[in-house]
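For reference, protein.cif is printed below; it contains mmCIF, C-alpha atoms and all ligand atoms.
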```cif
data_entry
loop_
_atom_site.label_atom_id
_atom_site.label_comp_id
_atom_site.auth_asym_id
_atom_site.auth_seq_id
_atom_site.Cartn_x
_atom_site.Cartn_y
_atom_site.Cartn_z
CA MET A 21 -15.74 7.06 -11.33
CA SER A 22 -18.70 8.69 -9.65
CA VAL A 23 -18.95 8.80 -5.88
CA ASP A 24 -22.17 8.71 -3.94
CA LEU A 25 -22.40 12.27 -2.57
CA ALA A 26 -23.23 10.94 0.88
CA TRP A 27 -19.72 9.49 1.08
CA GLN A 28 -17.81 12.45 -0.29
CA LYS A 29 -17.14 14.04 3.09
CA LEU A 30 -15.80 12.36 6.21
CA PRO A 31 -18.78 10.69 7.93
CA VAL A 32 -19.78 12.78 10.94
CA ASP A 33 -19.32 10.00 13.49
CA LEU A 34 -15.64 9.63 12.63
CA ASP A 35 -13.27 11.79 14.66
CA PRO A 36 -11.09 13.75 12.23
CA ASN A 37 -8.39 14.03 14.91
CA ARG A 38 -8.09 10.28 15.36
CA LEU A 39 -7.80 9.12 11.79
CA PRO A 40 -4.84 6.97 10.81
CA LYS A 41 -2.09 9.02 9.21
CA HIS A 42 -1.13 6.12 7.02
CA VAL A 43 -3.33 3.30 5.77
CA ALA A 44 -1.83 0.21 4.14
CA ALA A 45 -3.95 -2.23 2.13
CA ILE A 46 -3.44 -5.83 1.11
CA MET A 47 -5.75 -5.79 -1.89
CA ASP A 48 -6.75 -9.43 -1.93
CA GLY A 49 -9.62 -11.31 -3.55
CA ASN A 50 -9.65 -10.04 -7.14
CA GLY A 51 -9.52 -13.57 -8.53
CA ARG A 52 -12.36 -14.84 -6.32
CA TRP A 53 -14.46 -11.79 -7.15
CA ALA A 54 -14.16 -12.60 -10.85
CA LYS A 55 -14.73 -16.30 -10.31
CA ASN A 56 -17.94 -15.57 -8.38
CA LYS A 57 -19.15 -13.72 -11.44
CA GLY A 58 -18.09 -16.48 -13.83
CA LYS A 59 -15.39 -14.26 -15.34
CA PRO A 60 -11.64 -14.70 -15.85
CA ARG A 61 -9.39 -13.59 -12.97
CA ILE A 62 -8.04 -10.65 -14.94
CA VAL A 63 -11.46 -9.00 -14.86
CA GLY A 64 -11.10 -8.93 -11.08
CA HIS A 65 -7.74 -7.22 -11.37
CA GLN A 66 -9.23 -4.59 -13.65
CA LYS A 67 -12.03 -3.94 -11.19
CA GLY A 68 -9.49 -3.84 -8.40
CA VAL A 69 -7.86 -0.81 -10.00
CA ASP A 70 -11.15 1.11 -9.77
CA ALA A 71 -11.44 0.26 -6.09
CA LEU A 72 -7.89 1.49 -5.47
CA LYS A 73 -8.49 4.71 -7.38
CA ASP A 74 -11.49 5.51 -5.28
CA LEU A 75 -9.73 4.66 -2.04
CA LEU A 76 -6.94 7.04 -2.99
CA ARG A 77 -9.42 9.80 -3.68
CA CYS A 78 -11.26 8.97 -0.49
CA CYS A 79 -8.05 9.42 1.51
CA LYS A 80 -7.81 12.90 0.04
CA ASP A 81 -11.48 13.68 0.69
CA TRP A 82 -11.38 12.43 4.28
CA GLY A 83 -7.98 13.82 5.27
CA ILE A 84 -5.77 10.74 5.42
CA PRO A 85 -2.30 11.78 4.27
CA ALA A 86 -0.75 8.45 3.23
CA LEU A 87 -1.89 5.26 1.51
CA THR A 88 0.19 2.22 0.63
CA ALA A 89 -1.21 -0.53 -1.58
CA TYR A 90 0.20 -4.02 -2.10
CA ALA A 91 -0.02 -4.58 -5.84
CA PHE A 92 2.37 -7.46 -6.52
CA SER A 93 4.42 -9.58 -4.15
CA THR A 94 7.78 -11.24 -4.76
CA GLU A 95 5.83 -14.51 -4.52
CA ASN A 96 3.27 -13.50 -7.15
CA TRP A 97 5.76 -14.39 -9.93
CA GLY A 98 4.72 -17.96 -9.16
CA ARG A 99 1.33 -17.38 -10.84
CA PRO A 100 0.56 -18.44 -14.41
CA LEU A 101 2.64 -16.44 -16.88
CA GLU A 102 -0.47 -15.11 -18.56
CA GLU A 103 -1.73 -13.55 -15.32
CA VAL A 104 1.67 -12.11 -14.44
CA GLN A 105 2.00 -10.55 -17.88
CA PHE A 106 -1.50 -9.17 -17.68
CA LEU A 107 -0.74 -7.54 -14.34
CA MET A 108 2.51 -5.96 -15.55
CA THR A 109 0.74 -4.53 -18.60
CA LEU A 110 -2.16 -3.37 -16.45
CA PHE A 111 0.16 -1.50 -14.05
CA GLU A 112 1.87 0.21 -16.97
CA ARG A 113 -1.37 1.13 -18.68
CA VAL A 114 -2.95 2.48 -15.50
CA LEU A 115 0.11 4.55 -14.66
CA ARG A 116 0.21 6.09 -18.11
CA ARG A 117 -3.51 6.76 -18.06
CA GLU A 118 -3.75 8.18 -14.53
CA LEU A 119 -0.56 10.18 -14.17
CA GLN A 120 -2.04 13.44 -15.36
CA GLU A 121 -4.96 13.16 -12.97
CA MET A 122 -2.70 12.30 -10.07
CA MET A 123 -0.64 15.38 -10.87
CA ALA A 124 -3.82 17.45 -10.90
CA GLU A 125 -4.78 15.97 -7.53
CA ASN A 126 -1.33 16.73 -6.11
CA VAL A 127 -0.62 13.04 -5.32
CA LYS A 128 2.96 12.06 -4.59
CA ILE A 129 3.67 8.62 -6.01
CA ARG A 130 6.28 6.27 -4.72
CA PHE A 131 6.98 2.65 -5.66
CA VAL A 132 8.59 0.25 -3.20
CA GLY A 133 9.96 -3.19 -3.97
CA ASN A 134 12.65 -4.69 -6.14
CA LEU A 135 11.95 -2.52 -9.17
CA THR A 136 14.99 -3.63 -11.17
CA ASP A 137 13.37 -6.97 -11.95
CA LEU A 138 10.25 -5.42 -13.50
CA PRO A 139 9.81 -5.14 -17.29
CA LYS A 140 11.74 -2.18 -18.67
CA SER A 141 8.74 -0.34 -20.09
CA LEU A 142 6.96 -0.55 -16.72
CA ARG A 143 10.09 0.63 -14.93
CA GLN A 144 10.21 3.67 -17.17
CA GLU A 145 6.61 4.58 -16.34
CA ILE A 146 7.33 4.05 -12.67
CA GLU A 147 10.35 6.33 -12.78
CA ARG A 148 8.47 8.97 -14.69
CA SER A 149 5.56 8.92 -12.25
CA MET A 150 7.89 9.26 -9.27
CA GLN A 151 9.88 12.07 -10.86
CA ASP A 152 6.86 14.01 -12.07
CA THR A 153 5.09 13.86 -8.72
CA GLU A 154 8.17 14.27 -6.54
CA ASN A 155 7.33 17.78 -5.37
CA ASN A 156 3.62 17.19 -4.92
CA THR A 157 2.40 17.83 -1.42
CA GLY A 158 -0.93 15.98 -1.34
CA THR A 159 -1.62 12.33 -0.56
CA GLN A 160 1.49 10.19 -0.38
CA PHE A 161 0.60 7.18 -2.47
CA THR A 162 2.97 4.22 -2.23
CA ILE A 163 2.59 1.16 -4.40
CA ALA A 164 4.35 -2.04 -3.40
CA THR A 165 5.30 -3.85 -6.60
CA ASN A 166 7.58 -6.87 -6.69
CA TYR A 167 7.67 -6.23 -2.97
CA GLY A 168 8.52 -8.73 -0.26
CA GLY A 169 9.12 -7.81 3.36
CA ARG A 170 11.85 -10.40 3.76
CA GLN A 171 13.57 -9.30 0.57
CA GLU A 172 13.41 -5.69 1.74
CA ILE A 173 15.06 -6.57 5.04
CA VAL A 174 17.76 -8.66 3.38
CA GLN A 175 18.63 -5.90 0.90
CA ALA A 176 18.84 -3.43 3.78
CA CYS A 177 21.24 -5.77 5.61
CA ARG A 178 23.37 -6.06 2.52
CA ALA A 179 23.52 -2.31 2.01
CA ILE A 180 24.52 -1.76 5.64
CA ALA A 181 27.06 -4.60 5.61
CA SER A 182 28.64 -3.12 2.51
CA LYS A 183 28.96 0.26 4.22
CA VAL A 184 30.53 -1.40 7.24
CA GLU A 185 32.95 -3.25 4.98
CA ARG A 186 34.00 -0.03 3.29
CA GLY A 187 34.38 1.71 6.64
CA TYR A 188 31.46 4.14 6.21
CA VAL A 189 29.43 2.79 9.13
CA GLU A 190 30.57 1.50 12.51
CA VAL A 191 28.82 -1.63 13.74
CA GLU A 192 27.95 0.13 17.02
CA LYS A 193 26.06 2.78 15.04
CA ILE A 194 23.58 0.27 13.63
CA ASP A 195 20.27 0.92 15.33
CA GLU A 196 16.59 0.96 14.34
CA SER A 197 16.73 4.37 12.77
CA LEU A 198 19.82 3.56 10.68
CA PHE A 199 18.18 0.32 9.62
CA GLU A 200 15.05 2.16 8.51
CA GLU A 201 17.16 4.47 6.39
CA HIS A 202 17.96 1.42 4.26
CA LEU A 203 14.41 0.20 3.75
CA TYR A 204 12.47 0.99 0.59
CA THR A 205 10.05 2.94 2.76
CA LYS A 206 12.67 5.38 4.00
CA GLY A 207 10.99 8.64 4.94
CA ILE A 208 7.45 7.21 5.02
CA THR A 209 5.73 6.98 8.39
CA HIS A 210 4.73 3.50 9.58
CA PRO A 211 1.16 2.46 8.77
CA ASP A 212 -1.32 2.94 11.61
CA LEU A 213 -3.97 0.78 10.01
CA LEU A 214 -3.46 -2.32 7.87
CA ILE A 215 -6.48 -3.50 5.92
CA ARG A 216 -6.71 -6.94 4.34
CA THR A 217 -9.66 -7.86 2.20
CA SER A 218 -10.99 -11.33 1.33
CA GLY A 219 -10.85 -12.65 4.86
CA GLU A 220 -7.37 -14.16 4.90
CA MET A 221 -5.77 -13.84 8.33
CA ARG A 222 -2.22 -13.36 7.15
CA ILE A 223 0.35 -10.75 6.24
CA SER A 224 1.71 -12.45 3.08
CA ASN A 225 5.15 -10.84 3.40
CA PHE A 226 3.87 -7.25 3.42
CA LEU A 227 5.77 -4.49 5.29
CA LEU A 228 7.04 -6.87 7.96
CA TRP A 229 9.13 -4.25 9.71
CA GLN A 230 6.77 -1.32 9.30
CA ILE A 231 3.57 -2.90 10.64
CA ALA A 232 5.04 -3.78 14.04
CA TYR A 233 2.37 -1.69 15.76
CA ALA A 234 -0.24 -1.25 13.03
CA GLU A 235 -3.84 -2.04 13.87
CA ILE A 236 -4.96 -4.92 11.67
CA TYR A 237 -8.41 -4.98 10.10
CA VAL A 238 -9.52 -7.99 8.08
CA THR A 239 -12.78 -7.97 6.16
CA PRO A 240 -14.35 -10.81 4.16
CA THR A 241 -15.23 -8.28 1.45
CA LEU A 242 -13.31 -8.97 -1.77
CA TRP A 243 -11.06 -6.15 -2.95
CA PRO A 244 -13.11 -5.01 -5.99
CA ASP A 245 -16.08 -4.51 -3.62
CA PHE A 246 -14.07 -2.49 -1.11
CA ASP A 247 -15.75 0.91 -1.39
CA ARG A 248 -16.14 3.97 0.83
CA ALA A 249 -18.78 2.31 2.96
CA GLU A 250 -16.30 -0.51 3.63
CA PHE A 251 -13.52 1.96 4.36
CA TYR A 252 -15.82 3.73 6.79
CA LYS A 253 -16.32 0.42 8.63
CA ALA A 254 -12.57 -0.10 8.81
CA LEU A 255 -12.02 3.41 10.18
CA THR A 256 -14.82 3.01 12.69
CA THR A 257 -13.22 -0.17 13.99
CA TYR A 258 -9.84 1.57 14.08
CA GLN A 259 -11.21 4.41 16.18
CA GLN A 260 -12.64 1.91 18.65
CA ARG A 261 -9.26 0.30 19.24
CA GLU A 262 -7.01 1.23 22.09
CA ARG A 263 -3.45 1.52 20.85
CA ARG A 264 -1.21 0.62 23.73
CA PHE A 265 2.23 0.25 22.15
CA GLY A 266 3.19 -2.21 24.85
CA LYS A 267 2.32 0.13 27.69
CA VAL A 268 -0.17 -0.52 30.45
CA LYS A 269 -2.40 2.53 30.31
CA SER A 270 -3.40 4.23 27.12
CA THR A 271 -1.90 7.69 26.90
CA ASN A 272 -1.76 7.87 23.15
CA ASN A 273 -4.88 6.83 21.31
CA LYS A 274 -4.08 8.58 18.06
C1 LIG B 301 -5.03 -9.82 -5.23
O1 LIG B 301 -6.04 -10.64 -5.66
C2 LIG B 301 -4.27 -9.17 -6.36
C3 LIG B 301 -2.89 -9.65 -6.54
C4 LIG B 301 -2.26 -10.49 -5.80
C5 LIG B 301 -2.19 -9.11 -7.69
P1 LIG B 301 -5.78 -12.15 -5.97
O2 LIG B 301 -5.36 -12.28 -7.41
O3 LIG B 301 -4.81 -12.72 -5.02
O4 LIG B 301 -7.21 -12.78 -5.79
P2 LIG B 301 -7.55 -14.15 -5.08
O5 LIG B 301 -6.93 -14.12 -3.74
O6 LIG B 301 -7.00 -15.23 -5.95
O7 LIG B 301 -9.04 -14.17 -5.02
C1 LIG B 302 -1.07 -10.77 -1.26
O1 LIG B 302 -2.07 -11.52 -1.82
C2 LIG B 302 -0.34 -10.00 -2.32
C3 LIG B 302 -1.08 -8.90 -2.91
C4 LIG B 302 -2.26 -8.49 -2.57
C5 LIG B 302 -0.39 -8.22 -3.96
P1 LIG B 302 -1.82 -13.03 -2.24
O2 LIG B 302 -3.09 -13.51 -2.84
O3 LIG B 302 -0.62 -13.12 -3.10
O4 LIG B 302 -1.52 -13.74 -0.86
P2 LIG B 302 -1.70 -15.24 -0.41
O5 LIG B 302 -1.13 -16.11 -1.49
O6 LIG B 302 -3.17 -15.47 -0.25
O7 LIG B 302 -0.98 -15.33 0.89
MG MG B 303 -5.00 -13.64 -3.22
#
```

Would you encode the structure as structure tokens?
Ligand code: IPE
Ligand code: IPE
Ligand code: MG
Amino acid sequence: MSVDLAWQKLPVDLDPNRLPKHVAAIMDGNGRWAKNKGKPRIVGHQKGVDALKDLLRCCKDWGIPALTAYAFSTENWGRPLEEVQFLMTLFERVLRRELQEMMAENVKIRFVGNLTDLPKSLRQEIERSMQDTENNTGTQFTIATNYGGRQEIVQACRAIASKVERGYVEVEKIDESLFEEHLYTKGITHPDLLIRTSGEMRISNFLLWQIAYAEIYVTPTLWPDFDRAEFYKALTTYQQRERRFGKVKSTNNK
């Protein structure tokens, strides 16, 4: 995918010291994008992959160390079988096709969600991509697949309860940091900026715990049209926000 040279470097009016360290994206609107063009929904999903690829590269170009993308929710199984199957095959195909390039770009891939319920062949690609890129030190790229925030919290509770039952953890020792150790996102910093495309003002079960203090940016732009110019707008808005973290005066605007 070619990138307009004007967008290759961080735009000069963005402060490199106040960029989010972790951007999370709810990539919504693929179906509507396709419908607007009189095409089947799957065409929108295909286009959506291109948008994601460029956003990942943009994070590298502009100095944003972590990106998390919501690819498939635990609720998305409720879609027509044909669409679900298409998505699973698409994920597998894209992973196989892009792995080499991601290695070359030093990307560290991580999948979060209930991976055991995914088709076996996809699971194998997922495992391979995580293993191969494990020691990479570039952009941390997390893909939420068969992910649900509620499901993630429940599985963490179960894991902790089981440790308590077996005497490995004392109830008094359960605190926020121990809880986080049991989330799929263990070791990944919380997102600073959450982007949702297609104008919907909701979270749709994404990273419920982790976005407690994320800045939320919603744009009517549909995901396949979310390009660097759109990302620039999101980052500009982010840099205009005052992050207070519940305090009265801003001391930390990073
Ligand atoms: C987001 O686009 C992609 C996935 C959920 C996999 P949608 O498929 O939800 O597109 P809309 O919201 O129907 O337009
Ligand atoms: C959220 O989009 C899930 C993903 C982007 C993967 P949805 O299209 O599933 O969300 P709702 O149904 O509009 O809440
Ligand atoms: Mg949608």

Item checked: Env. residues ligand LIG 302 (chain B) / 6 Å / all atoms listed in the file / as a VMD selection string -> chain A and resid 46 to 48 90 to 93 96 224

Next item on the list: Go through A:Asn50, A:Thr165, A:Asn225, A:Gln66 one by one, measure the shortest atom-to-atom distance of each to ligand MG 303 (chain B) using all atoms listed in the file, and give the residue with the smallest value.
Entry: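 Among A:Asn50, A:Thr165, A:Asn225, A:Gln66, it is A:Asn50 that comes nearest to ligand MG 303 (chain B).
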
Next item on the list: Find the residue from A:Val69, A:Ala44, A:Val132, A:Ala179 that sits nearest to ligand LIG 301 (chain B); use all atoms listed in the file when measuring.
Entry: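 Looking only at the distances to ligand LIG 301 (chain B), the closest residue turns out to be A:Val69.
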
Check: For the point (5.7, 5.4, -14.1) in file coordinates, what residues are within 10 Å, counting only C-alpha atoms? Give the answer as a ChimeraX atom specification?
Finding: /A:111-116,118-119,129-131,141-152

Next item on the list: Considering all atoms listed in the file, return as a PyMOL selection string whatever protein or nucleic-acid residues lie within 10 Å of A:Asp70, sequence-local ones (same chain, fewer than 3 positions apart) excluded.
Entry: chain A and resi 21+65-67+73-76+243-247

Expected file: the selected residues, C-alpha atoms, as a compact mmCIF listing (two decimals), in the coordinates of the input:
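Written file, out-v6.txt:
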```txt
# COMPACT_ATOMS: atom_id res chain seq x y z
CA MET A 21 -15.74 7.06 -11.33
CA HIS A 65 -7.74 -7.22 -11.37
CA GLN A 66 -9.23 -4.59 -13.65
CA LYS A 67 -12.03 -3.94 -11.19
CA LYS A 73 -8.49 4.71 -7.38
CA ASP A 74 -11.49 5.51 -5.28
CA LEU A 75 -9.73 4.66 -2.04
CA LEU A 76 -6.94 7.04 -2.99
CA TRP A 243 -11.06 -6.15 -2.95
CA PRO A 244 -13.11 -5.01 -5.99
CA ASP A 245 -16.08 -4.51 -3.62
CA PHE A 246 -14.07 -2.49 -1.11
CA ASP A 247 -15.75 0.91 -1.39
```

Item checked: Top pick for closest residue to ligand MG 303 (chain B), considering A:Tyr237, A:Trp27, A:Tyr252, A:Trp53 and counting all atoms listed in the file ->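 Result for the nearest residue to ligand MG 303 (chain B): A:Trp53.
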
Check: Rounded to one decimal in Å, what is the spacing between atom CA of A:Glu95 and atom CA of A:Gly51?
Finding: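 So the answer is 15.9 Å.
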
Note to self: Just to confirm, what's the straight-line distance from atom CA of A:Lys269 to atom CA of A:Tyr233 in Å (one decimal)?
What the structure shows: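 Taking atom CA of A:Lys269 and atom CA of A:Tyr233, their separation equals 15.9 Å.
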
Next item on the list: Mind giving me the straight-line distance from atom CA of A:Lys80 to atom CA of A:Val127 in Å, one decimal?
Entry: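 Computing the Euclidean distance for atom CA of A:Lys80 and atom CA of A:Val127 yields 9.0 Å.
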
Next item on the list: Tell me which of A:Gly187, A:Gly219, A:Pro31, A:Gly133 sits closest to ligand MG 303 (chain B), counting only C-alpha atoms and all ligand atoms.
Entry: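 Residue with the minimum atom-to-atom distance to ligand MG 303 (chain B): A:Gly219.
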
Mind checking which residues fall within 12 Å of A:Gln175, counting all atoms listed in the file, ignoring those fewer than 6 positions away in the same chain, and posting them as an mmCIF file with C-alpha atoms, in the coordinates of the input?
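Contents of the output file selection_6.cif:
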```cif
data_model
loop_
_atom_site.group_PDB
_atom_site.id
_atom_site.type_symbol
_atom_site.label_atom_id
_atom_site.label_comp_id
_atom_site.auth_asym_id
_atom_site.auth_seq_id
_atom_site.Cartn_x
_atom_site.Cartn_y
_atom_site.Cartn_z
ATOM 1 C CA GLY A 133 9.960 -3.190 -3.970
ATOM 2 C CA ASN A 134 12.650 -4.690 -6.140
ATOM 3 C CA TYR A 167 7.670 -6.230 -2.970
ATOM 4 C CA GLY A 168 8.520 -8.730 -0.260
ATOM 5 C CA GLY A 169 9.120 -7.810 3.360
ATOM 6 C CA ALA A 181 27.060 -4.600 5.610
ATOM 7 C CA SER A 182 28.640 -3.120 2.510
ATOM 8 C CA PHE A 199 18.180 0.320 9.620
ATOM 9 C CA GLU A 200 15.050 2.160 8.510
ATOM 10 C CA GLU A 201 17.160 4.470 6.390
ATOM 11 C CA HIS A 202 17.960 1.420 4.260
ATOM 12 C CA LEU A 203 14.410 0.200 3.750
ATOM 13 C CA TYR A 204 12.470 0.990 0.590
#
```

Next item on the list: Name the residues in contact with stretch 205-214 of chain A at a cut-off of 10 Å, using all atoms listed in the file, excluding same-chain residues fewer than 5 positions from it; report them as a ChimeraX atom specification.
Entry: /A:39-46,86-89,130-133,160,162,164,172,197-200,223,226-227,229-238,254-255,258,263,274

What would the file look like if the residues just selected were written as a tab-separated table (two decimals), in the coordinates of the input with C-alpha atoms?
```
chain	number	residue	atom	x	y	z
A	39	LEU	CA	-7.80	9.12	11.79
A	40	PRO	CA	-4.84	6.97	10.81
A	41	LYS	CA	-2.09	9.02	9.21
A	42	HIS	CA	-1.13	6.12	7.02
A	43	VAL	CA	-3.33	3.30	5.77
A	44	ALA	CA	-1.83	0.21	4.14
A	45	ALA	CA	-3.95	-2.23	2.13
A	46	ILE	CA	-3.44	-5.83	1.11
A	86	ALA	CA	-0.75	8.45	3.23
A	87	LEU	CA	-1.89	5.26	1.51
A	88	THR	CA	0.19	2.22	0.63
A	89	ALA	CA	-1.21	-0.53	-1.58
A	130	ARG	CA	6.28	6.27	-4.72
A	131	PHE	CA	6.98	2.65	-5.66
A	132	VAL	CA	8.59	0.25	-3.20
A	133	GLY	CA	9.96	-3.19	-3.97
A	160	GLN	CA	1.49	10.19	-0.38
A	162	THR	CA	2.97	4.22	-2.23
A	164	ALA	CA	4.35	-2.04	-3.40
A	172	GLU	CA	13.41	-5.69	1.74
A	197	SER	CA	16.73	4.37	12.77
A	198	LEU	CA	19.82	3.56	10.68
A	199	PHE	CA	18.18	0.32	9.62
A	200	GLU	CA	15.05	2.16	8.51
A	223	ILE	CA	0.35	-10.75	6.24
A	226	PHE	CA	3.87	-7.25	3.42
A	227	LEU	CA	5.77	-4.49	5.29
A	229	TRP	CA	9.13	-4.25	9.71
A	230	GLN	CA	6.77	-1.32	9.30
A	231	ILE	CA	3.57	-2.90	10.64
A	232	ALA	CA	5.04	-3.78	14.04
A	233	TYR	CA	2.37	-1.69	15.76
A	234	ALA	CA	-0.24	-1.25	13.03
A	235	GLU	CA	-3.84	-2.04	13.87
A	236	ILE	CA	-4.96	-4.92	11.67
A	237	TYR	CA	-8.41	-4.98	10.10
A	238	VAL	CA	-9.52	-7.99	8.08
A	254	ALA	CA	-12.57	-0.10	8.81
A	255	LEU	CA	-12.02	3.41	10.18
A	258	TYR	CA	-9.84	1.57	14.08
A	263	ARG	CA	-3.45	1.52	20.85
A	274	LYS	CA	-4.08	8.58	18.06
```

Next item on the list: Considering only C-alpha atoms and all ligand atoms, state which residue in the set A:Val23, A:Val184, A:Ala54, A:Ile84 is at the smallest distance from ligand MG 303 (chain B).
Entry: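 Of the candidates, the smallest distance to ligand MG 303 (chain B) is held by A:Ala54.
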
Checklist line | Proximity to ligand LIG 301 (chain B) - best of A:Leu72, A:Met122, A:Val268, A:Cys177, only C-alpha atoms and all ligand atoms | finding: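 Smallest distance to ligand LIG 301 (chain B) is found for A:Leu72.
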
Output as a CSV table (one decimal), in the coordinates of the input: stretch 118-125 of chain A, completed with all heavy atoms.
```csv
chain,number,residue,atom,x,y,z
A,118,GLU,N,-3.3,7.4,-15.7
A,118,GLU,CA,-3.8,8.2,-14.5
A,118,GLU,C,-2.8,9.3,-14.1
A,118,GLU,O,-3.1,10.1,-13.2
A,118,GLU,CB,-4.0,7.2,-13.3
A,118,GLU,CG,-5.0,6.1,-13.6
A,118,GLU,CD,-6.4,6.6,-13.8
A,118,GLU,OE1,-6.7,7.7,-13.3
A,118,GLU,OE2,-7.1,5.9,-14.5
A,119,LEU,N,-1.6,9.3,-14.7
A,119,LEU,CA,-0.6,10.2,-14.2
A,119,LEU,C,-1.0,11.6,-14.2
A,119,LEU,O,-0.8,12.4,-13.2
A,119,LEU,CB,0.7,10.0,-15.0
A,119,LEU,CG,1.9,10.8,-14.4
A,119,LEU,CD1,2.2,10.4,-13.0
A,119,LEU,CD2,3.2,10.5,-15.2
A,120,GLN,N,-1.6,12.0,-15.3
A,120,GLN,CA,-2.0,13.4,-15.4
A,120,GLN,C,-3.0,13.8,-14.2
A,120,GLN,O,-2.9,14.9,-13.6
A,120,GLN,CB,-2.7,13.6,-16.7
A,120,GLN,CG,-2.3,14.9,-17.4
A,120,GLN,CD,-3.0,15.1,-18.7
A,120,GLN,OE1,-3.7,14.2,-19.2
A,120,GLN,NE2,-2.8,16.3,-19.3
A,121,GLU,N,-4.0,12.9,-14.0
A,121,GLU,CA,-5.0,13.2,-13.0
A,121,GLU,C,-4.3,13.2,-11.6
A,121,GLU,O,-4.7,14.0,-10.7
A,121,GLU,CB,-6.0,12.1,-13.0
A,121,GLU,CG,-7.3,12.6,-12.4
A,121,GLU,CD,-8.5,11.5,-12.6
A,121,GLU,OE1,-8.5,10.9,-13.7
A,121,GLU,OE2,-9.2,11.4,-11.7
A,122,MET,N,-3.4,12.3,-11.4
A,122,MET,CA,-2.7,12.3,-10.1
A,122,MET,C,-1.9,13.6,-9.9
A,122,MET,O,-1.8,14.1,-8.8
A,122,MET,CB,-1.8,11.1,-10.0
A,122,MET,CG,-2.6,9.8,-10.1
A,122,MET,SD,-2.3,8.6,-8.9
A,122,MET,CE,-1.6,7.4,-9.9
A,123,MET,N,-1.3,14.1,-10.9
A,123,MET,CA,-0.6,15.4,-10.9
A,123,MET,C,-1.6,16.5,-10.5
A,123,MET,O,-1.4,17.2,-9.6
A,123,MET,CB,0.0,15.7,-12.2
A,123,MET,CG,1.3,15.2,-12.5
A,123,MET,SD,2.6,15.5,-11.3
A,123,MET,CE,2.9,17.3,-11.6
A,124,ALA,N,-2.8,16.4,-11.2
A,124,ALA,CA,-3.8,17.4,-10.9
A,124,ALA,C,-4.3,17.4,-9.5
A,124,ALA,O,-4.7,18.4,-8.8
A,124,ALA,CB,-5.0,17.3,-11.9
A,125,GLU,N,-4.3,16.1,-8.9
A,125,GLU,CA,-4.8,16.0,-7.5
A,125,GLU,C,-3.6,16.1,-6.5
A,125,GLU,O,-3.8,15.8,-5.3
A,125,GLU,CB,-5.5,14.6,-7.4
A,125,GLU,CG,-6.7,14.5,-8.3
A,125,GLU,CD,-7.8,13.7,-7.8
A,125,GLU,OE1,-7.8,13.3,-6.6
A,125,GLU,OE2,-8.8,13.6,-8.5
```
